[in-house]
Amino acid sequence: MKNTKFLALACAGMEVSNQAVFPVLENADKSKDYRVLVDSLNMSLPSWRSFLAGPAHNMMVNTRGVTMKRAMRRQGGFTLIELMVVVAIIGVLAAVAIPQYQNYVAKSQVSRVMAETGQLRTSVESCILEGRTVIGDGAGECDPGATGSNLLTGASQTTYSLPAGTGVPTVTNPLTSTATIISTFGNNAATVLTDNTAKTLTWTRSVDGSWTCETTADANLAPGGCPVRAAE
């Protein structure tokens, strides 16, 4: 088996000395395994000597070395082109996803303000029915019960002190049968709601006691049930 190993290494193009390989080939007739291997390759003993000493053997060794070098390069990391492709893909995704995400945040903020200010309708309606038309928290006055929102600007209409960076909706004072609750976006609201002229969301009471909502935000940000205010 030892001689078989030498012959296999020589066939694979490994660096094996003549002293190790040639005796194996010279004694090949003593082993049936050697004879079968040599005969299958159709090479005589002198041919083996010529092969091991010739350029074909060196080419096999050199080719093996080049293959190993290429494998090492493949394991070395990403190529510049691969990195550029990844950066380009990230850039495209960012260009599409970031604006969409910003619009989603802005729309959710408009919906939140619509829900928060809509809760004030109950207290305002009660005040109108009870004849308490002055906004305040004194005796006989109407306290809408507004709390500070970090999405709004607007001063408190009662003695309640607002936390820094918050605001409340503005309620018509004194109240009438067509009272309004106006919310003005600001503070932490999305930029699209505060650029240039701050956008608003308004609840308006009709004489028959029903309420409607409208906003000056962009149409793609308007929530269901609160359309964009028609141009006057």
# chains A, B, ... in the order shown; residues from 1 in each chain; ligands from 1

$ select_by_dssp --residues "range 74-196 of chain A" --states "strand (DSSP E or B)" --output "PyMOL selection string"
chain A and resi 135+142+149+152-153+167+170-171+180-185

$ write_last_selection --atoms "N, CA and C atoms" --output "PDB file, in the first residue's frame"
ATOM      1  N   ILE A 135     -65.596  79.772  27.292  1.00  0.00           N
ATOM      2  CA  ILE A 135     -64.582  78.728  27.496  1.00  0.00           C
ATOM      3  C   ILE A 135     -63.709  79.092  28.696  1.00  0.00           C
ATOM      4  N   CYS A 142     -67.279  76.782  30.351  1.00  0.00           N
ATOM      5  CA  CYS A 142     -67.162  75.495  29.638  1.00  0.00           C
ATOM      6  C   CYS A 142     -65.703  75.086  29.515  1.00  0.00           C
ATOM      7  N   SER A 149     -50.950  68.123  23.317  1.00  0.00           N
ATOM      8  CA  SER A 149     -50.505  67.150  22.310  1.00  0.00           C
ATOM      9  C   SER A 149     -49.209  67.644  21.699  1.00  0.00           C
ATOM     10  N   LEU A 152     -49.412  69.417  18.134  1.00  0.00           N
ATOM     11  CA  LEU A 152     -50.184  70.643  17.933  1.00  0.00           C
ATOM     12  C   LEU A 152     -49.503  71.858  18.548  1.00  0.00           C
ATOM     13  N   THR A 153     -49.904  73.013  18.033  1.00  0.00           N
ATOM     14  CA  THR A 153     -49.612  74.283  18.687  1.00  0.00           C
ATOM     15  C   THR A 153     -50.952  74.886  19.093  1.00  0.00           C
ATOM     16  N   GLY A 167     -49.427  71.521  22.542  1.00  0.00           N
ATOM     17  CA  GLY A 167     -50.465  72.512  22.280  1.00  0.00           C
ATOM     18  C   GLY A 167     -51.829  71.852  22.333  1.00  0.00           C
ATOM     19  N   THR A 170     -58.072  74.867  19.410  1.00  0.00           N
ATOM     20  CA  THR A 170     -58.727  76.118  19.772  1.00  0.00           C
ATOM     21  C   THR A 170     -60.225  75.972  19.529  1.00  0.00           C
ATOM     22  N   VAL A 171     -61.011  76.202  20.603  1.00  0.00           N
ATOM     23  CA  VAL A 171     -62.464  76.077  20.522  1.00  0.00           C
ATOM     24  C   VAL A 171     -63.068  77.477  20.417  1.00  0.00           C
ATOM     25  N   THR A 180     -66.602  75.674  16.346  1.00  0.00           N
ATOM     26  CA  THR A 180     -65.534  74.924  15.677  1.00  0.00           C
ATOM     27  C   THR A 180     -64.464  74.515  16.695  1.00  0.00           C
ATOM     28  N   ILE A 181     -63.785  73.432  16.370  1.00  0.00           N
ATOM     29  CA  ILE A 181     -62.623  72.967  17.136  1.00  0.00           C
ATOM     30  C   ILE A 181     -61.481  72.858  16.136  1.00  0.00           C
ATOM     31  N   ILE A 182     -60.530  73.780  16.217  1.00  0.00           N
ATOM     32  CA  ILE A 182     -59.474  73.873  15.212  1.00  0.00           C
ATOM     33  C   ILE A 182     -58.144  73.406  15.799  1.00  0.00           C
ATOM     34  N   SER A 183     -57.538  72.427  15.152  1.00  0.00           N
ATOM     35  CA  SER A 183     -56.227  71.910  15.556  1.00  0.00           C
ATOM     36  C   SER A 183     -55.187  72.348  14.531  1.00  0.00           C
ATOM     37  N   THR A 184     -54.112  72.973  15.009  1.00  0.00           N
ATOM     38  CA  THR A 184     -53.033  73.435  14.138  1.00  0.00           C
ATOM     39  C   THR A 184     -51.797  72.578  14.383  1.00  0.00           C
ATOM     40  N   PHE A 185     -51.286  71.960  13.327  1.00  0.00           N
ATOM     41  CA  PHE A 185     -50.139  71.065  13.469  1.00  0.00           C
ATOM     42  C   PHE A 185     -48.859  71.848  13.753  1.00  0.00           C
TER      43      PHE A 185
END

$ residues_around --residues "range 98-102 of chain A" --least-positions-apart "4" --cutoff "12 Å" --atoms "only C-alpha atoms" --output "count of residues only"
16

$ atom_distance --atom1 "CA of Asp218 in chain A" --atom2 "CA of Val113 in chain A"
14.9 Å
